[in-house]
file upload05.txt (compact mmCIF, C-alpha atoms and all ligand atoms)
# COMPACT_ATOMS: atom_id res chain seq x y z
CA MET P 1 32.60 -7.18 -1.38
CA GLY P 2 29.69 -5.38 -3.03
CA ARG P 3 26.29 -5.31 -1.41
CA LYS P 4 23.56 -7.40 -2.97
CA PHE P 5 20.95 -5.53 -5.02
CA VAL P 6 17.61 -5.81 -3.20
CA ARG P 7 14.28 -5.48 -4.95
CA ALA P 8 11.12 -5.29 -2.81
CA ILE P 9 7.45 -5.29 -3.63
CA PHE P 10 4.95 -3.46 -1.42
CA PRO P 11 1.61 -5.13 -2.10
CA GLY P 12 -1.75 -3.81 -0.96
CA SER P 13 -5.15 -2.53 -1.95
CA PHE P 14 -4.28 1.18 -1.59
CA ASP P 15 -7.95 2.20 -1.94
CA PRO P 16 -6.92 4.98 -1.54
CA ILE P 17 -3.23 5.42 -0.68
CA THR P 18 -2.79 7.12 2.72
CA ASN P 19 -0.07 9.10 4.49
CA GLY P 20 0.63 5.87 6.43
CA HIS P 21 1.40 3.99 3.20
CA LEU P 22 3.58 6.89 2.00
CA ASP P 23 5.46 6.84 5.28
CA VAL P 24 6.26 3.14 4.79
CA ILE P 25 7.26 3.81 1.15
CA SER P 26 9.65 6.63 2.04
CA ARG P 27 11.28 4.50 4.75
CA GLY P 28 11.39 1.49 2.42
CA MET P 29 13.11 3.38 -0.37
CA LYS P 30 16.07 3.97 1.94
CA LEU P 31 16.46 0.25 2.58
CA PHE P 32 15.94 -1.20 -0.88
CA ASP P 33 17.50 -0.54 -4.27
CA GLU P 34 14.17 -0.93 -5.99
CA LEU P 35 10.68 -0.74 -4.54
CA ILE P 36 7.64 -1.71 -6.58
CA ILE P 37 4.28 -0.68 -5.18
CA ALA P 38 1.92 -3.45 -6.24
CA VAL P 39 -1.77 -2.59 -6.38
CA GLY P 40 -3.85 -5.76 -6.07
CA ARG P 41 -6.44 -6.12 -8.79
CA SER P 42 -8.24 -8.96 -7.06
CA PRO P 43 -11.71 -7.76 -6.16
CA ILE P 44 -11.97 -6.20 -2.72
CA LYS P 45 -15.20 -5.31 -1.02
CA ASN P 46 -16.77 -2.16 -2.49
CA PRO P 47 -13.66 -0.57 -3.99
CA LEU P 48 -13.94 3.18 -4.35
CA PHE P 49 -11.29 3.52 -7.04
CA SER P 50 -10.46 1.11 -9.89
CA PRO P 51 -7.01 -0.50 -9.88
CA GLN P 52 -6.04 1.73 -12.82
CA GLU P 53 -7.14 4.86 -10.91
CA ARG P 54 -5.20 3.75 -7.83
CA VAL P 55 -2.07 3.19 -9.92
CA GLU P 56 -2.39 6.65 -11.50
CA MET P 57 -2.89 8.33 -8.13
CA ILE P 58 0.19 6.64 -6.70
CA ALA P 59 2.30 7.28 -9.83
CA GLU P 60 1.85 11.01 -9.37
CA LEU P 61 2.88 10.88 -5.71
CA ILE P 62 6.05 8.85 -6.30
CA ALA P 63 7.19 10.66 -9.45
CA ASP P 64 10.18 12.19 -7.63
CA MET P 65 11.16 9.10 -5.66
CA PRO P 66 14.18 7.34 -7.20
CA GLY P 67 13.89 3.56 -7.47
CA VAL P 68 10.16 3.55 -6.66
CA SER P 69 7.55 2.43 -9.20
CA VAL P 70 3.93 1.30 -9.21
CA GLU P 71 1.91 -1.26 -11.11
CA SER P 72 -1.14 -3.44 -10.60
CA PHE P 73 -1.19 -7.21 -10.36
CA ASP P 74 -3.64 -10.09 -10.43
CA GLY P 75 -3.72 -13.22 -8.35
CA LEU P 76 -1.26 -14.39 -5.75
CA THR P 77 1.24 -11.93 -4.29
CA VAL P 78 3.95 -14.60 -4.16
CA GLU P 79 3.52 -15.41 -7.84
CA TYR P 80 3.76 -11.74 -8.71
CA ALA P 81 6.87 -11.45 -6.51
CA ALA P 82 8.49 -14.35 -8.36
CA GLN P 83 7.58 -12.85 -11.72
CA LYS P 84 9.24 -9.55 -10.72
CA LYS P 85 12.24 -11.43 -9.26
CA ALA P 86 11.62 -9.64 -5.96
CA ASP P 87 13.83 -10.53 -3.01
CA VAL P 88 11.39 -9.47 -0.31
CA ILE P 89 7.80 -8.47 0.33
CA LEU P 90 7.44 -5.22 2.27
CA ARG P 91 4.49 -4.72 4.60
CA GLY P 92 3.65 -1.94 7.03
CA LEU P 93 2.77 -2.39 10.68
CA ARG P 94 0.55 -0.10 12.69
CA SER P 95 -0.34 -2.01 15.81
CA LEU P 96 -0.23 -5.36 17.57
CA THR P 97 -3.47 -6.23 15.81
CA ASP P 98 -1.66 -5.91 12.47
CA VAL P 99 1.17 -8.12 13.76
CA GLN P 100 -1.08 -11.12 14.34
CA TYR P 101 -2.51 -11.09 10.81
CA GLU P 102 0.74 -10.10 9.11
CA PHE P 103 2.70 -12.88 10.85
CA GLN P 104 0.30 -15.46 9.55
CA LEU P 105 0.46 -14.02 6.05
CA ALA P 106 4.27 -13.77 6.09
CA MET P 107 4.71 -17.31 7.38
CA THR P 108 2.32 -18.67 4.78
CA ASN P 109 4.12 -16.82 2.00
CA ARG P 110 7.46 -18.12 3.23
CA ALA P 111 6.12 -21.67 3.52
CA VAL P 112 4.60 -21.74 0.04
CA ALA P 113 7.13 -19.66 -1.87
CA GLY P 114 10.22 -19.26 0.32
CA ILE P 115 10.00 -15.48 0.17
CA GLU P 116 10.84 -13.30 3.18
CA THR P 117 8.66 -10.43 4.37
CA VAL P 118 10.20 -7.27 5.81
CA PHE P 119 8.08 -5.11 8.11
CA ILE P 120 8.35 -1.40 8.62
CA MET P 121 6.63 0.29 11.52
CA THR P 122 4.81 3.45 10.64
CA SER P 123 5.28 6.78 12.42
CA GLU P 124 3.14 7.06 15.54
CA GLN P 125 0.92 9.68 13.93
CA TYR P 126 -0.25 7.23 11.26
CA GLY P 127 -0.72 4.27 13.59
CA PHE P 128 -4.50 4.52 13.33
CA THR P 129 -4.80 5.40 9.63
CA SER P 130 -6.55 2.84 7.44
CA SER P 131 -7.94 3.10 3.90
CA THR P 132 -11.16 1.39 5.01
CA LEU P 133 -11.83 3.91 7.78
CA ILE P 134 -10.91 6.80 5.50
CA ARG P 135 -13.50 5.62 2.93
CA GLN P 136 -16.14 5.24 5.63
CA ILE P 137 -15.47 8.58 7.34
CA ALA P 138 -15.34 10.45 4.02
CA ALA P 139 -18.62 8.85 2.88
CA LEU P 140 -20.29 10.20 6.03
CA GLY P 141 -18.93 13.70 5.43
CA GLY P 142 -16.02 13.59 7.89
CA ASN P 143 -12.77 15.45 7.32
CA VAL P 144 -9.90 13.09 6.52
CA SER P 145 -7.64 15.72 4.94
CA GLY P 146 -4.89 15.17 7.53
CA LEU P 147 -4.59 11.47 6.76
CA ILE P 148 -4.14 11.43 2.99
CA PRO P 149 -2.21 13.55 0.47
CA LYS P 150 -4.00 16.69 -0.81
CA SER P 151 -4.37 15.34 -4.37
CA ILE P 152 -6.00 12.16 -3.06
CA TYR P 153 -8.33 14.13 -0.79
CA SER P 154 -9.84 16.08 -3.67
CA LEU P 155 -10.25 12.92 -5.79
CA LEU P 156 -11.89 11.21 -2.82
CA GLN P 157 -14.34 14.06 -2.34
CA GLN P 158 -15.20 14.10 -6.06
CA ARG P 159 -15.78 10.34 -6.06
CA ILE P 160 -18.02 10.46 -2.99
CA HIS P 161 -20.10 13.35 -4.42
CA LYS P 162 -20.49 11.40 -7.66
CA LEU P 163 -21.67 8.30 -5.81
CA LYS P 164 -24.24 10.35 -3.87
CA ASP P 165 -25.75 11.93 -7.01
P1 LIG P 201 -4.22 -4.91 2.33
O1 LIG P 201 -5.65 -4.95 1.87
O2 LIG P 201 -3.33 -5.87 1.61
O3 LIG P 201 -4.01 -4.92 3.83
P2 LIG P 201 -3.70 -2.08 2.41
O4 LIG P 201 -3.70 -1.16 1.23
O5 LIG P 201 -4.74 -1.87 3.43
O6 LIG P 201 -3.74 -3.52 1.78
O7 LIG P 201 -2.29 -2.05 3.11
C1 LIG P 201 -1.11 -2.37 2.46
C2 LIG P 201 0.01 -2.48 3.47
O8 LIG P 201 0.22 -1.24 4.12
C3 LIG P 201 -0.24 -3.48 4.61
O9 LIG P 201 0.99 -4.06 5.00
C4 LIG P 201 -0.76 -2.64 5.73
O10 LIG P 201 -0.52 -3.23 6.99
C5 LIG P 201 0.06 -1.39 5.52
N1 LIG P 201 -0.57 -0.18 6.04
C6 LIG P 201 -1.83 0.25 5.85
N2 LIG P 201 -2.05 1.41 6.49
C7 LIG P 201 -0.88 1.72 7.10
C8 LIG P 201 -0.45 2.78 7.95
N3 LIG P 201 -1.26 3.75 8.33
N4 LIG P 201 0.82 2.75 8.39
C9 LIG P 201 1.65 1.73 8.05
N5 LIG P 201 1.32 0.71 7.28
C10 LIG P 201 0.07 0.69 6.81

call {"tool": "encode", "arguments": {"input": "upload05.txt", "output": "structure tokens", "more": "lines below"}}
Ligand code: ADP
result
Amino acid sequence: MGRKFVRAIFPGSFDPITNGHLDVISRGMKLFDELIIAVGRSPIKNPLFSPQERVEMIAELIADMPGVSVESFDGLTVEYAAQKKADVILRGLRSLTDVQYEFQLAMTNRAVAGIETVFIMTSEQYGFTSSTLIRQIAALGGNVSGLIPKSIYSLLQQRIHKLKD
């Protein structure tokens, strides 16, 4: 019997995408036939990059990854998942703190839309990496080059210089 085709969406803010996100993506692409990275367009607090910019940044990084694509979406994640005919929602886990929030989110999504969430644990070295902290550290002049891809680091520096002018 053939295996079922599995399409996953990986929703998030990705402001900006980090090595932790990429770690989850590269693990996810081995599990799923198709993986759509879904950049939420709903307003988040003080976004550094526009949804379109975030999509373009990610598109460059995943260009060589078969079965992986990126797009932005509006509104509810579960509605977007249904629209894309996704079988599962993929989320990354860093710590026990993430588990508490993610469980609640996953159970709510399953209760309202019947969709399952699959979790992937990040590599230990990215267990503390968060986009929010990266934005804050970079704004204060800290070096976050080890936590994000090179291309993202230079865009981040440019954006922060521009905001300071
Ligand atoms: P959101 O605002 O929806 O939490 P994020 O862009 O911060 O969006 O994160 C998207 C997903 O990636 C979430 O499941 C989050 O837990 C996960 N994630 C974020 N950073 C990491 C990391 N360093 N390692 C593994 N997963 C991560």

call {"tool": "residues_near_ligand", "arguments": {"input": "upload05.txt", "ligand": "ligand LIG 201 (chain P)", "cutoff": "9 Å", "atoms": "only C-alpha atoms and all ligand atoms", "output": "PyMOL selection string"}}
result
chain P and resi 10-24+39-40+44+90-95+98-99+101-102+119-132+147

call {"tool": "atom_distance", "arguments": {"input": "upload05.txt", "atom1": "atom CA of Asp64 of chain P", "atom2": "atom CA of Ile152 of chain P"}}
result
16.8 Å

call {"tool": "closest_residue", "arguments": {"input": "upload05.txt", "among": "P:Ile115, P:Ile148, P:Leu76, P:Val88", "to": "Ile58 of chain P", "atoms": "all atoms listed in the file"}}
result
P:Ile148

call {"tool": "atom_distance", "arguments": {"input": "upload05.txt", "atom1": "atom CA of Phe103 of chain P", "atom2": "atom CA of Thr77 of chain P"}}
result
15.2 Å

call {"tool": "atom_distance", "arguments": {"input": "upload05.txt", "atom1": "atom CA of Gly2 of chain P", "atom2": "atom CA of Glu71 of chain P"}}
result
29.2 Å

call {"tool": "residues_around", "arguments": {"input": "upload05.txt", "residues": "Ala106 of chain P", "least_positions_apart": "4", "cutoff": "8 Å", "atoms": "all atoms listed in the file", "output": "PyMOL selection string"}}
result
chain P and resi 102+110+116-117
